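Chemist: Sharing work-v2.cif, mmCIF, C-alpha atoms:
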data_data
loop_
_atom_site.label_atom_id
_atom_site.label_comp_id
_atom_site.auth_asym_id
_atom_site.auth_seq_id
_atom_site.Cartn_x
_atom_site.Cartn_y
_atom_site.Cartn_z
CA MET W 74 4.51 -25.02 -17.75
CA SER W 75 7.46 -24.23 -20.00
CA GLU W 76 11.05 -24.84 -18.91
CA LEU W 77 13.34 -21.96 -18.00
CA THR W 78 15.72 -20.87 -20.72
CA GLN W 79 19.46 -21.12 -20.06
CA ALA W 80 19.69 -17.34 -19.83
CA GLU W 81 16.97 -17.31 -17.18
CA LYS W 82 18.69 -20.07 -15.23
CA ASP W 83 21.99 -18.21 -15.45
CA SER W 84 20.39 -15.06 -14.12
CA LEU W 85 19.02 -16.93 -11.10
CA THR W 86 22.05 -19.08 -10.27
CA GLY W 87 24.57 -16.27 -10.39
CA ALA W 88 26.34 -17.22 -13.63
CA PRO W 89 28.51 -14.41 -15.06
CA GLN W 90 26.57 -11.80 -16.99
CA ASP W 91 27.70 -8.97 -19.21
CA ARG W 92 26.06 -6.33 -17.06
CA SER W 93 24.16 -6.14 -13.78
CA VAL W 94 20.38 -6.36 -13.63
CA GLU W 95 20.28 -3.10 -11.70
CA LYS W 96 22.26 -1.31 -14.39
CA GLU W 97 19.96 -2.66 -17.09
CA VAL W 98 16.89 -1.38 -15.25
CA GLN W 99 18.44 2.03 -14.59
CA GLU W 100 19.63 2.49 -18.15
CA ALA W 101 16.40 1.35 -19.79
CA ALA W 102 14.43 4.43 -18.79
CA PRO W 103 16.51 7.29 -20.28
CA ALA W 104 16.26 5.86 -23.80
CA LYS W 105 12.46 6.00 -23.65
CA LEU W 106 11.90 8.89 -21.25
CA SER W 107 14.74 11.32 -21.84
CA ALA W 108 12.66 14.32 -20.75
CA VAL W 109 11.47 12.69 -17.51
CA PHE W 110 13.47 12.92 -14.27
CA PRO W 111 15.12 9.51 -13.67
CA SER W 112 13.70 9.18 -10.14
CA TYR W 113 12.42 5.66 -10.85
CA ALA W 114 14.59 2.63 -11.63
CA ARG W 115 12.17 1.43 -14.26
CA TYR W 116 11.92 -2.08 -15.66
CA ASP W 117 12.36 -2.28 -19.42
CA ILE W 118 8.69 -2.99 -20.01
CA SER W 119 6.05 -0.60 -21.37
CA LEU W 120 2.57 -1.71 -20.34
CA VAL W 121 -0.20 -0.44 -22.60
CA LYS W 122 -3.33 -2.51 -21.86
CA GLY W 123 -4.96 -4.31 -18.96
CA LYS W 124 -8.03 -6.39 -18.27
CA GLY W 125 -8.80 -8.31 -15.09
CA SER W 126 -5.66 -10.04 -13.85
CA TRP W 127 -3.73 -9.51 -17.08
CA VAL W 128 -1.68 -6.75 -18.71
CA TRP W 129 0.00 -6.46 -22.11
CA ASP W 130 3.11 -4.55 -23.15
CA ASP W 131 3.79 -2.61 -26.36
CA GLN W 132 5.39 -5.72 -27.89
CA GLY W 133 2.25 -7.81 -27.44
CA ASN W 134 3.58 -9.82 -24.48
CA LYS W 135 1.01 -10.86 -21.88
CA TYR W 136 1.64 -10.85 -18.12
CA LEU W 137 -0.23 -12.22 -15.11
CA ASP W 138 -0.31 -9.27 -12.73
CA PHE W 139 0.38 -10.13 -9.08
CA MET W 140 1.56 -6.59 -8.41
CA CYS W 141 -1.55 -4.52 -9.22
CA GLY W 142 0.29 -1.23 -9.43
CA LEU W 143 1.38 -1.81 -5.80
CA ALA W 144 -2.05 -2.76 -4.41
CA VAL W 145 -3.95 -0.18 -6.49
CA THR W 146 -6.01 -2.08 -9.08
CA SER W 147 -7.76 -4.22 -6.48
CA LEU W 148 -10.81 -4.79 -8.71
CA GLY W 149 -8.56 -5.88 -11.55
CA HIS W 150 -7.69 -3.77 -14.57
CA ALA W 151 -10.46 -1.73 -16.23
CA PRO W 152 -13.38 -2.89 -14.04
CA GLU W 153 -16.56 -2.35 -16.03
CA LYS W 154 -18.79 -0.78 -13.37
CA VAL W 155 -16.10 1.73 -12.37
CA GLY W 156 -15.35 2.51 -16.01
CA ALA W 157 -19.02 3.12 -16.77
CA LYS W 158 -19.36 5.50 -13.84
CA LEU W 159 -16.22 7.37 -14.86
CA LYS W 160 -17.37 7.68 -18.48
CA ALA W 161 -20.76 9.00 -17.39
CA GLN W 162 -19.09 11.56 -15.14
CA ILE W 163 -16.70 12.64 -17.93
CA ASP W 164 -19.75 13.63 -19.97
CA THR W 165 -21.22 15.57 -17.03
CA LEU W 166 -18.69 17.51 -14.93
CA TRP W 167 -14.93 17.13 -14.41
CA HIS W 168 -13.86 19.68 -11.85
CA VAL W 169 -15.20 22.35 -9.53
CA SER W 170 -13.55 24.00 -6.56
CA ASN W 171 -14.07 22.61 -3.10
CA LEU W 172 -15.55 26.01 -2.31
CA PHE W 173 -18.75 24.44 -3.65
CA HIS W 174 -20.61 21.37 -2.42
CA ILE W 175 -19.76 18.24 -4.42
CA PRO W 176 -22.57 15.68 -3.99
CA GLY W 177 -20.32 12.75 -4.92
CA GLN W 178 -18.14 13.49 -1.90
CA ASP W 179 -21.13 13.17 0.41
CA ARG W 180 -22.00 9.77 -1.07
CA VAL W 181 -18.43 8.46 -0.75
CA ALA W 182 -18.09 9.80 2.79
CA ALA W 183 -21.38 8.12 3.73
CA LEU W 184 -20.17 4.77 2.36
CA LEU W 185 -16.86 5.01 4.23
CA THR W 186 -18.24 6.15 7.56
CA ALA W 187 -21.12 3.66 7.47
CA ASN W 188 -18.59 0.83 7.13
CA SER W 189 -15.92 2.03 9.57
CA CYS W 190 -15.40 3.60 12.98
CA ALA W 191 -14.82 7.04 11.42
CA ASP W 192 -17.23 9.98 11.44
CA GLN W 193 -15.41 12.54 9.27
CA VAL W 194 -13.62 12.39 5.91
CA PHE W 195 -11.09 14.58 4.11
CA PHE W 196 -10.40 13.95 0.40
CA CYS W 197 -7.02 14.40 -1.26
CA ASN W 198 -5.02 12.82 -4.10
CA SER W 199 -2.55 10.26 -2.71
CA GLY W 200 -1.45 8.24 0.28
CA ALA W 201 1.30 10.70 1.14
CA GLU W 202 -1.22 13.55 1.16
CA ALA W 203 -3.62 11.52 3.30
CA ASN W 204 -0.86 10.87 5.83
CA GLU W 205 0.21 14.51 5.68
CA ALA W 206 -3.38 15.48 6.47
CA ALA W 207 -3.41 13.02 9.39
CA ILE W 208 -0.25 14.55 10.85
CA LYS W 209 -1.62 18.07 10.45
CA LEU W 210 -4.95 17.09 12.00
CA ALA W 211 -3.22 15.54 15.03
CA ARG W 212 -1.10 18.65 15.61
CA ARG W 213 -3.94 21.09 15.08
CA TYR W 214 -6.28 19.13 17.35
CA HIS W 215 -3.81 19.35 20.21
CA GLN W 216 -2.82 22.95 19.56
CA LYS W 217 -6.13 24.58 18.55
CA VAL W 218 -8.74 22.40 20.24
CA LYS W 219 -6.98 21.00 23.31
CA GLY W 220 -4.55 23.92 23.75
CA THR W 221 -1.67 21.63 24.70
CA GLY W 222 0.91 22.71 22.10
CA ARG W 223 1.79 19.09 21.33
CA TYR W 224 3.32 18.37 17.92
CA GLU W 225 5.50 15.22 17.95
CA VAL W 226 4.49 12.03 16.13
CA ILE W 227 6.08 8.68 17.01
CA THR W 228 6.51 6.14 14.19
CA PHE W 229 8.31 2.82 13.77
CA GLU W 230 11.39 1.49 12.03
CA GLN W 231 10.80 -0.14 8.61
CA SER W 232 7.55 1.77 8.18
CA PHE W 233 6.67 3.70 5.04
CA HIS W 234 4.34 6.71 5.09
CA GLY W 235 5.09 8.68 1.92
CA ARG W 236 7.45 10.98 0.05
CA THR W 237 6.50 14.48 1.16
CA LEU W 238 8.98 16.05 3.56
CA ALA W 239 6.78 15.31 6.57
CA THR W 240 5.84 11.78 5.56
CA LEU W 241 9.34 10.73 4.53
CA THR W 242 10.53 12.01 7.91
CA ALA W 243 7.83 9.89 9.54
CA THR W 244 8.96 6.89 7.48
CA GLY W 245 11.23 4.50 9.37
CA GLN W 246 13.61 3.85 6.46
CA GLN W 247 16.77 5.93 6.11
CA LYS W 248 17.06 5.39 2.35
CA VAL W 249 14.09 7.66 1.57
CA LYS W 250 15.62 10.55 3.55
CA GLU W 251 19.02 10.75 1.89
CA GLY W 252 19.75 14.14 0.33
CA PHE W 253 16.68 15.88 1.77
CA LEU W 254 18.19 17.47 4.88
CA PRO W 255 17.21 19.30 6.96
CA LEU W 256 14.17 17.22 7.79
CA PRO W 257 11.17 18.72 9.60
CA ALA W 258 11.19 18.56 13.38
CA GLY W 259 8.57 16.76 15.39
CA PHE W 260 9.12 13.07 14.63
CA LYS W 261 10.59 10.19 16.62
CA THR W 262 11.11 6.66 15.29
CA VAL W 263 11.46 3.58 17.50
CA PRO W 264 11.84 -0.16 16.77
CA LEU W 265 8.60 -2.03 16.12
CA HIS W 266 7.45 -4.19 19.06
CA ASP W 267 9.93 -2.50 21.43
CA LEU W 268 7.55 -1.34 24.15
CA PRO W 269 10.23 0.12 26.47
CA ALA W 270 11.61 2.22 23.59
CA LEU W 271 8.11 3.44 22.76
CA LYS W 272 7.40 4.41 26.36
CA ALA W 273 10.73 6.24 26.57
CA ALA W 274 9.94 8.20 23.40
CA ILE W 275 6.69 9.64 24.77
CA SER W 276 7.09 13.15 26.15
CA GLU W 277 4.98 16.19 26.98
CA ASN W 278 5.27 17.14 23.29
CA THR W 279 3.89 13.87 21.89
CA ALA W 280 0.69 14.32 19.91
CA ALA W 281 0.20 10.94 18.23
CA ILE W 282 1.51 7.47 17.51
CA MET W 283 1.37 6.45 13.84
CA LEU W 284 1.73 2.92 12.52
CA GLU W 285 0.73 0.38 9.87
CA MET W 286 -1.04 -2.86 10.77
CA ILE W 287 1.19 -4.59 8.23
CA LEU W 288 4.45 -2.88 7.27
CA ALA W 289 4.07 -3.68 3.58
CA GLU W 290 7.06 -1.82 2.16
CA GLY W 291 9.12 -2.83 5.18
CA GLY W 292 8.85 -6.57 4.47
CA VAL W 293 5.17 -7.50 4.99
CA LEU W 294 5.64 -7.44 8.77
CA GLU W 295 2.48 -7.91 10.83
CA VAL W 296 1.99 -5.93 14.03
CA GLN W 297 1.57 -8.19 17.05
CA GLN W 298 -1.79 -7.96 18.80
CA GLU W 299 -0.23 -7.69 22.27
CA PHE W 300 1.97 -4.79 21.19
CA LEU W 301 -0.90 -2.99 19.48
CA ASP W 302 -3.06 -3.35 22.59
CA ALA W 303 -0.24 -1.75 24.59
CA VAL W 304 -0.05 1.10 22.05
CA VAL W 305 -3.77 1.74 22.45
CA GLU W 306 -3.41 1.84 26.24
CA LEU W 307 -0.48 4.24 26.03
CA CYS W 308 -2.53 6.56 23.83
CA LYS W 309 -5.34 6.54 26.38
CA GLU W 310 -2.96 7.04 29.30
CA HIS W 311 -1.13 9.99 27.75
CA GLY W 312 -3.95 11.58 25.77
CA LEU W 313 -2.38 10.74 22.38
CA LEU W 314 -4.10 10.19 19.05
CA LEU W 315 -3.66 6.85 17.31
CA ILE W 316 -3.11 7.16 13.55
CA VAL W 317 -3.28 4.01 11.41
CA ASP W 318 -1.80 4.16 7.91
CA GLU W 319 -4.09 1.99 5.74
CA VAL W 320 -2.80 3.30 2.41
CA GLN W 321 -1.73 -0.17 1.25
CA THR W 322 -3.66 -2.39 3.66
CA GLY W 323 -7.08 -0.73 3.36
CA MET W 324 -10.02 -1.46 1.03
CA GLY W 325 -10.28 -5.21 1.47
CA ARG W 326 -6.67 -6.04 0.74
CA THR W 327 -6.02 -7.93 4.00
CA GLY W 328 -9.34 -9.78 4.27
CA LYS W 329 -11.16 -7.01 6.14
CA LEU W 330 -12.32 -3.74 4.64
CA PHE W 331 -9.66 -2.08 6.83
CA ALA W 332 -6.72 -3.95 8.35
CA HIS W 333 -7.21 -2.51 11.85
CA GLN W 334 -10.55 -4.38 11.99
CA HIS W 335 -8.54 -7.61 12.40
CA TYR W 336 -7.28 -6.29 15.73
CA GLY W 337 -10.49 -5.02 17.30
CA ILE W 338 -9.30 -1.44 17.70
CA GLU W 339 -10.69 1.94 16.65
CA PRO W 340 -8.03 4.44 15.60
CA ASP W 341 -8.66 8.14 16.04
CA ILE W 342 -7.46 8.71 12.47
CA PHE W 343 -6.74 6.39 9.56
CA THR W 344 -5.75 6.91 5.95
CA LEU W 345 -6.58 5.35 2.58
CA ALA W 346 -5.40 5.63 -1.03
CA LYS W 347 -4.20 2.95 -3.52
CA GLY W 348 -7.22 0.60 -3.70
CA VAL W 349 -9.86 3.23 -2.97
CA ALA W 350 -10.27 4.39 -6.60
CA SER W 351 -9.14 1.56 -8.90
CA GLY W 352 -6.14 3.50 -10.22
CA PHE W 353 -7.62 6.99 -10.34
CA PRO W 354 -5.52 9.33 -8.11
CA ALA W 355 -7.35 9.60 -4.79
CA GLY W 356 -6.57 9.62 -1.09
CA VAL W 357 -8.74 9.83 2.00
CA MET W 358 -8.07 10.77 5.62
CA LEU W 359 -10.75 9.63 8.06
CA GLY W 360 -11.21 10.63 11.69
CA LYS W 361 -13.45 10.53 14.72
CA GLY W 362 -16.14 13.15 15.18
CA TYR W 363 -14.36 14.90 18.06
CA LEU W 364 -11.61 15.92 15.63
CA ARG W 365 -14.00 17.87 13.40
CA GLU W 366 -13.34 21.23 15.03
CA ALA W 367 -9.59 20.94 14.37
CA PHE W 368 -10.09 21.22 10.61
CA SER W 369 -12.10 24.43 10.60
CA PRO W 370 -12.56 26.37 7.32
CA GLY W 371 -9.24 27.44 5.82
CA SER W 372 -7.12 25.12 7.97
CA HIS W 373 -6.37 22.55 5.25
CA ALA W 374 -7.26 22.11 1.58
CA SER W 375 -6.61 20.19 -1.63
CA THR W 376 -7.43 21.63 -5.06
CA PHE W 377 -8.01 18.26 -6.70
CA GLY W 378 -9.19 16.36 -3.62
CA GLY W 379 -12.56 14.69 -4.18
CA THR W 380 -13.32 16.17 -7.59
CA PRO W 381 -16.51 14.95 -9.31
CA LEU W 382 -14.36 12.54 -11.35
CA ALA W 383 -12.51 11.18 -8.31
CA ALA W 384 -15.70 10.90 -6.29
CA ALA W 385 -17.44 8.95 -9.06
CA VAL W 386 -14.60 6.43 -9.25
CA MET W 387 -14.35 6.06 -5.48
CA GLU W 388 -18.08 5.55 -5.17
CA ALA W 389 -18.17 2.84 -7.83
CA THR W 390 -15.08 1.12 -6.40
CA ILE W 391 -16.38 1.05 -2.82
CA GLU W 392 -19.89 -0.04 -3.87
CA THR W 393 -18.42 -2.90 -5.90
CA MET W 394 -16.25 -4.06 -2.99
CA LEU W 395 -19.20 -4.05 -0.63
CA GLU W 396 -21.70 -5.64 -3.04
CA ASP W 397 -19.32 -8.48 -3.97
CA ASN W 398 -18.00 -8.91 -0.40
CA LEU W 399 -14.46 -8.68 -1.74
CA ALA W 400 -12.83 -8.38 1.68
CA GLN W 401 -14.11 -11.85 2.60
CA ARG W 402 -13.07 -13.14 -0.81
CA ALA W 403 -9.57 -11.73 -0.27
CA ALA W 404 -9.40 -13.57 3.06
CA GLU W 405 -10.39 -16.88 1.47
CA MET W 406 -8.20 -16.57 -1.62
CA GLY W 407 -5.29 -15.35 0.49
CA GLU W 408 -5.44 -18.49 2.63
CA TYR W 409 -5.63 -20.59 -0.54
CA LEU W 410 -2.61 -18.81 -2.02
CA LYS W 411 -0.55 -19.13 1.17
CA GLY W 412 -1.46 -22.80 1.49
CA LEU W 413 -0.39 -23.54 -2.08
CA LEU W 414 2.86 -21.61 -1.64
CA ARG W 415 3.69 -23.53 1.53
CA GLU W 416 2.96 -26.81 -0.23
CA LYS W 417 5.10 -26.00 -3.27
CA LEU W 418 7.98 -24.38 -1.37
CA ALA W 419 8.14 -26.61 1.72
CA ASP W 420 11.19 -28.47 0.44
CA THR W 421 13.53 -25.47 0.11
CA PRO W 422 15.23 -23.83 3.10
CA PHE W 423 15.77 -20.81 0.85
CA VAL W 424 12.21 -19.80 1.77
CA GLN W 425 12.28 -18.80 5.43
CA GLU W 426 8.71 -17.64 6.00
CA ILE W 427 5.43 -17.06 4.17
CA ARG W 428 3.33 -14.43 5.91
CA GLY W 429 0.68 -11.75 5.48
CA LYS W 430 -3.07 -11.34 5.61
CA GLY W 431 -5.58 -11.66 2.79
CA LEU W 432 -3.99 -10.89 -0.56
CA LEU W 433 -1.00 -9.04 0.85
CA ILE W 434 1.55 -11.83 1.10
CA GLY W 435 5.28 -11.81 1.73
CA ILE W 436 7.75 -14.62 1.03
CA GLU W 437 10.91 -14.05 3.06
CA CYS W 438 13.95 -15.59 1.42
CA ALA W 439 17.52 -16.29 2.52
CA ALA W 440 19.05 -13.93 -0.07
CA PRO W 441 18.08 -10.92 -2.20
CA VAL W 442 15.22 -11.58 -4.61
CA ALA W 443 15.71 -8.88 -7.27
CA ASP W 444 16.83 -11.43 -9.86
CA ILE W 445 13.78 -13.59 -9.16
CA VAL W 446 11.53 -10.58 -9.80
CA LEU W 447 13.19 -9.99 -13.18
CA ALA W 448 13.05 -13.67 -14.10
CA GLY W 449 9.36 -13.64 -13.27
CA GLN W 450 8.82 -10.87 -15.82
CA GLN W 451 10.54 -13.03 -18.45
CA ARG W 452 8.08 -15.81 -17.61
CA GLY W 453 5.06 -13.50 -17.79
CA LEU W 454 4.47 -13.01 -14.05
CA LEU W 455 4.64 -9.59 -12.38
CA PHE W 456 5.36 -9.27 -8.66
CA VAL W 457 7.47 -6.97 -6.52
CA GLN W 458 9.88 -6.87 -3.59
CA ALA W 459 9.28 -5.64 -0.04
CA GLY W 460 12.85 -4.99 1.04
CA PRO W 461 15.81 -6.89 -0.43
CA ASN W 462 14.87 -10.41 0.67
CA VAL W 463 11.07 -10.48 0.54
CA ILE W 464 8.86 -11.26 -2.47
CA ARG W 465 5.54 -9.41 -2.19
CA LEU W 466 2.40 -10.74 -3.90
CA LEU W 467 -0.54 -8.37 -4.47
CA PRO W 468 -3.07 -9.96 -6.86
CA ASN W 469 -6.44 -8.32 -7.43
CA LEU W 470 -9.28 -9.32 -5.14
CA TYR W 471 -11.12 -11.16 -7.95
CA VAL W 472 -8.10 -13.40 -8.69
CA SER W 473 -9.16 -16.93 -9.64
CA THR W 474 -7.85 -20.24 -8.33
CA GLU W 475 -6.60 -21.00 -11.84
CA GLU W 476 -4.60 -17.77 -11.90
CA ILE W 477 -3.22 -18.51 -8.44
CA HIS W 478 -2.03 -21.93 -9.63
CA GLN W 479 -0.41 -20.37 -12.70
CA ALA W 480 1.43 -17.83 -10.56
CA VAL W 481 2.56 -20.33 -7.93
CA ASP W 482 3.83 -22.79 -10.58
CA ILE W 483 6.00 -20.09 -12.14
CA LEU W 484 7.18 -18.70 -8.82
CA SER W 485 7.96 -22.13 -7.39
CA GLU W 486 10.08 -23.02 -10.42
CA LEU W 487 11.97 -19.74 -10.23
CA ILE W 488 12.65 -20.03 -6.50
CA HIS W 489 13.79 -23.64 -6.74
CA THR W 490 16.12 -22.75 -9.59
CA TYR W 491 17.58 -19.85 -7.61
CA ALA W 492 17.92 -21.96 -4.45
CA LYS W 493 20.08 -24.48 -6.32
#
Show this structure as structure tokens.
Modeler:
Amino acid sequence: MSELTQAEKDSLTGAPQDRSVEKEVQEAAPAKLSAVFPSYARYDISLVKGKGSWVWDDQGNKYLDFMCGLAVTSLGHAPEKVGAKLKAQIDTLWHVSNLFHIPGQDRVAALLTANSCADQVFFCNSGAEANEAAIKLARRYHQKVKGTGRYEVITFEQSFHGRTLATLTATGQQKVKEGFLPLPAGFKTVPLHDLPALKAAISENTAAIMLEMILAEGGVLEVQQEFLDAVVELCKEHGLLLIVDEVQTGMGRTGKLFAHQHYGIEPDIFTLAKGVASGFPAGVMLGKGYLREAFSPGSHASTFGGTPLAAAVMEATIETMLEDNLAQRAAEMGEYLKGLLREKLADTPFVQEIRGKGLLIGIECAAPVADIVLAGQQRGLLFVQAGPNVIRLLPNLYVSTEEIHQAVDILSELIHTYAK
């Protein structure tokens, strides 16, 4: 493994620099994307090719990808079976309205319901749309089916549910809400694992409780089993729906096909996106059969949800995950990765905790990690933050032990350098 350059060491140890890392990232985008809204603080890297665990930029540099487009390319980049199915569909039919039957949707829905507690499926284009559909389904079920008029959804601090007005309001992070007032009514947010606060938030207007099994964007925080069991009981006691956001944790990422399967619960509604279609835009909202009547014809729709193209990619992705038992592989490789990290980082108090399930892993550090992320890019390793102090690792579910060792060697060197 090559030594760090002096510039890389300076960036990690806080030596004076001509300009801040944040400013460099923010200023890199306009030069290349002057006609695109600057809503992303982009890194100064243009990725143009990917295969398996590796990506290449437009300068020919090669990177080991432990970010996977934020848990999207779970089969690795350009998986052959998915690509073949997509190419075949491109030569057949791209788009028809959902006013017609789309056979691919039936096949994908059958795969998902056969391997989960859900009975019904709604197709859309993203995680935010899937969560929006879940919120609408919960409200409409109470108002049109049960006749209760309930509409409020309770969520938790540090959660992340999307960027639409409803889902950013549901999100338990103030930073995503700035400048978007007034926010929609009907949401309450309480601290995670604070059972008295949750009980106090429930009212005659409460329709559902919505949460993630692992708060990925909020710092890779795992929900405690005891608290989740109490949430389930509260839902039963008060006639509330339980919504589980599996946008980042679903599709094998945590070592089960769906993260809630670790906890032995059956949500009324849960949502998928990211890893469900190998990078093709797709989202799914799944629910129990008794919710079917709430989404009667004309109640909700999505022009591009479950198109023949999207359905083909989802079908190939899900079949591959099931055939290769990738959820179990993620569990095994995740334990291997965590074990190696703990071995390599045991001697530095800078690392406070290594946590997560499967191949969704967080390394909580004693200080902000943005500079470590940038230094990793200079060493050919891509990973991402989960809050200011947490390094988040999201390799693909086929990641090899050799690739894990390469990543941990680089990361260990960077963290030790920073800790000094």
Chemist: Quote the spacing between atom CA of W:Gln231 and atom CA of W:Leu288 in Å to one decimal place.
Modeler: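 We find that atom CA of W:Gln231 and atom CA of W:Leu288 lie 7.0 Å from each other.
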Chemist: W:Ala211, W:Met283, W:Leu359, W:Asp117: which is nearest W:Ala243, counting all atoms listed in the file?
Modeler: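 Once distances to W:Ala243 are computed over all atoms listed in the file, the minimum belongs to W:Met283.
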Chemist: Nearest to W:Met286 among W:Val304, W:Leu414, W:Leu184, W:Val386, with distances taken over all atoms listed in the file: which residue is it?
Modeler: W:Val304
Chemist: Any idea what the distance is between atom CA of W:Phe300 and atom CA of W:Gly312?
Modeler: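 Atom CA of W:Gly312 lies 18.0 Å from atom CA of W:Phe300.
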Chemist: Just checking: using only C-alpha atoms, which residue out of W:Lys430, W:Arg115, W:His478, W:Arg452 ends up closest to W:Asn134?
Modeler: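 Closest to W:Asn134 of all the choices is W:Arg452.
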Chemist: Convert the output of the PyMOL selection byres ((chain W and resi 121) around 7) on the shown file into explicit residues, formatted as a list in words.
Modeler: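 Taken over the shown coordinates, the PyMOL selection byres ((chain W and resi 121) around 7) returns Ser119, Leu120, Lys122, Trp129, Asp130 and Asp131 of chain W.
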Chemist: With a distance cut-off of 10 Å and all atoms listed in the file, select the neighbouring residues of stretch 137-142 of chain W, excluding the residue or stretch itself and same-chain residues fewer than 5 positions from it, and output the selection as a VMD selection string.
Modeler: chain W and resid 123 to 129 147 to 150 347 to 348 351 to 352 432 to 433 449 to 450 452 to 458 465 to 470 472 476 to 477 479 to 480
Chemist: Could you work out how far atom CA of W:Gly435 lies from atom CA of W:Glu392, giving the answer in Å with one decimal?
Modeler: 28.3 Å
Chemist: List every protein, DNA or RNA residue with an atom no more than 8 Å from (-14.7, 13.3, -11.9) in the file's coordinates, counting all atoms listed in the file, and format the result as a short mmCIF file (atom, residue, chain, number, x, y, z; two decimals) with C-alpha atoms, keeping the file's coordinate frame.
Modeler:
data_model
loop_
_atom_site.label_atom_id
_atom_site.label_comp_id
_atom_site.auth_asym_id
_atom_site.auth_seq_id
_atom_site.Cartn_x
_atom_site.Cartn_y
_atom_site.Cartn_z
CA LEU W 159 -16.22 7.37 -14.86
CA GLN W 162 -19.09 11.56 -15.14
CA ILE W 163 -16.70 12.64 -17.93
CA LEU W 166 -18.69 17.51 -14.93
CA TRP W 167 -14.93 17.13 -14.41
CA HIS W 168 -13.86 19.68 -11.85
CA THR W 380 -13.32 16.17 -7.59
CA PRO W 381 -16.51 14.95 -9.31
CA LEU W 382 -14.36 12.54 -11.35
CA ALA W 383 -12.51 11.18 -8.31
CA ALA W 384 -15.70 10.90 -6.29
CA ALA W 385 -17.44 8.95 -9.06
CA VAL W 386 -14.60 6.43 -9.25
#
Chemist: Quick check on the file I pasted: which residues fall under the PyMOL selection byres ((chain W and resi 438-445) around 6)? Write them as a ChimeraX atom specification.
Modeler: /W:423-425,437,446-448,461-463
Chemist: May I have the selected residues written with C-alpha atoms, as a PDB file, keeping the file's coordinate frame?
Modeler:
ATOM      1  CA  PHE W 423      15.770 -20.810   0.850  1.00  0.00           C
ATOM      2  CA  VAL W 424      12.210 -19.800   1.770  1.00  0.00           C
ATOM      3  CA  GLN W 425      12.280 -18.800   5.430  1.00  0.00           C
ATOM      4  CA  GLU W 437      10.910 -14.050   3.060  1.00  0.00           C
ATOM      5  CA  VAL W 446      11.530 -10.580  -9.800  1.00  0.00           C
ATOM      6  CA  LEU W 447      13.190  -9.990 -13.180  1.00  0.00           C
ATOM      7  CA  ALA W 448      13.050 -13.670 -14.100  1.00  0.00           C
ATOM      8  CA  PRO W 461      15.810  -6.890  -0.430  1.00  0.00           C
ATOM      9  CA  ASN W 462      14.870 -10.410   0.670  1.00  0.00           C
ATOM     10  CA  VAL W 463      11.070 -10.480   0.540  1.00  0.00           C
TER      11      VAL W 463
END
Chemist: List, as a list in words, every residue that the PyMOL selection byres ((chain W and resi 195) around 9) selects in the file provided.
Modeler: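 With the PyMOL selection byres ((chain W and resi 195) around 9) on this model, the match is Ala182, Gln193, Val194, Phe196, Cys197, Ala203, Ala206, Gly356, Val357, Met358, Leu359, Gly360, Ala374, Gly378 and Gly379 of chain W.
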Chemist: Can you work out which one of W:Glu486, W:Ile227, W:Gly156, W:Phe343 has the shortest atom-to-atom distance to W:Leu271, counting all atoms listed in the file?
Modeler: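 Closest to W:Leu271 of all the choices is W:Ile227.
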Chemist: Let me make sure I understand: among W:Gly200, W:Ala191, W:Gln451, W:Ile483, which one has the smallest atom-to-atom distance to W:Glu339 if we use only C-alpha atoms?
Modeler: W:Ala191
Chemist: Just want the 7 Å neighbourhood of W:Met324, counted on all atoms listed in the file, with same-chain residues fewer than 3 positions away dropped. Output as number ranges by chain.
Modeler: W: 330-331, 348-349
Chemist: Which one of W:Met387, W:Ala289, W:Ala161, W:Ala280 sits closest to W:Arg213 if you count all atoms listed in the file?
Modeler: W:Ala280
Chemist: Step by step, gather every atom of stretch 224-238 of chain W that the file lists, find the box along x, y and z that holds them, add 3 Å on each side, and finally give centre and edge lengths in Å to one decimal, as lines of an AutoDock Vina configuration file.
Modeler:
center_x = 7.4
center_y = 9.1
center_z = 9.0
size_x = 14.1
size_y = 24.5
size_z = 23.9
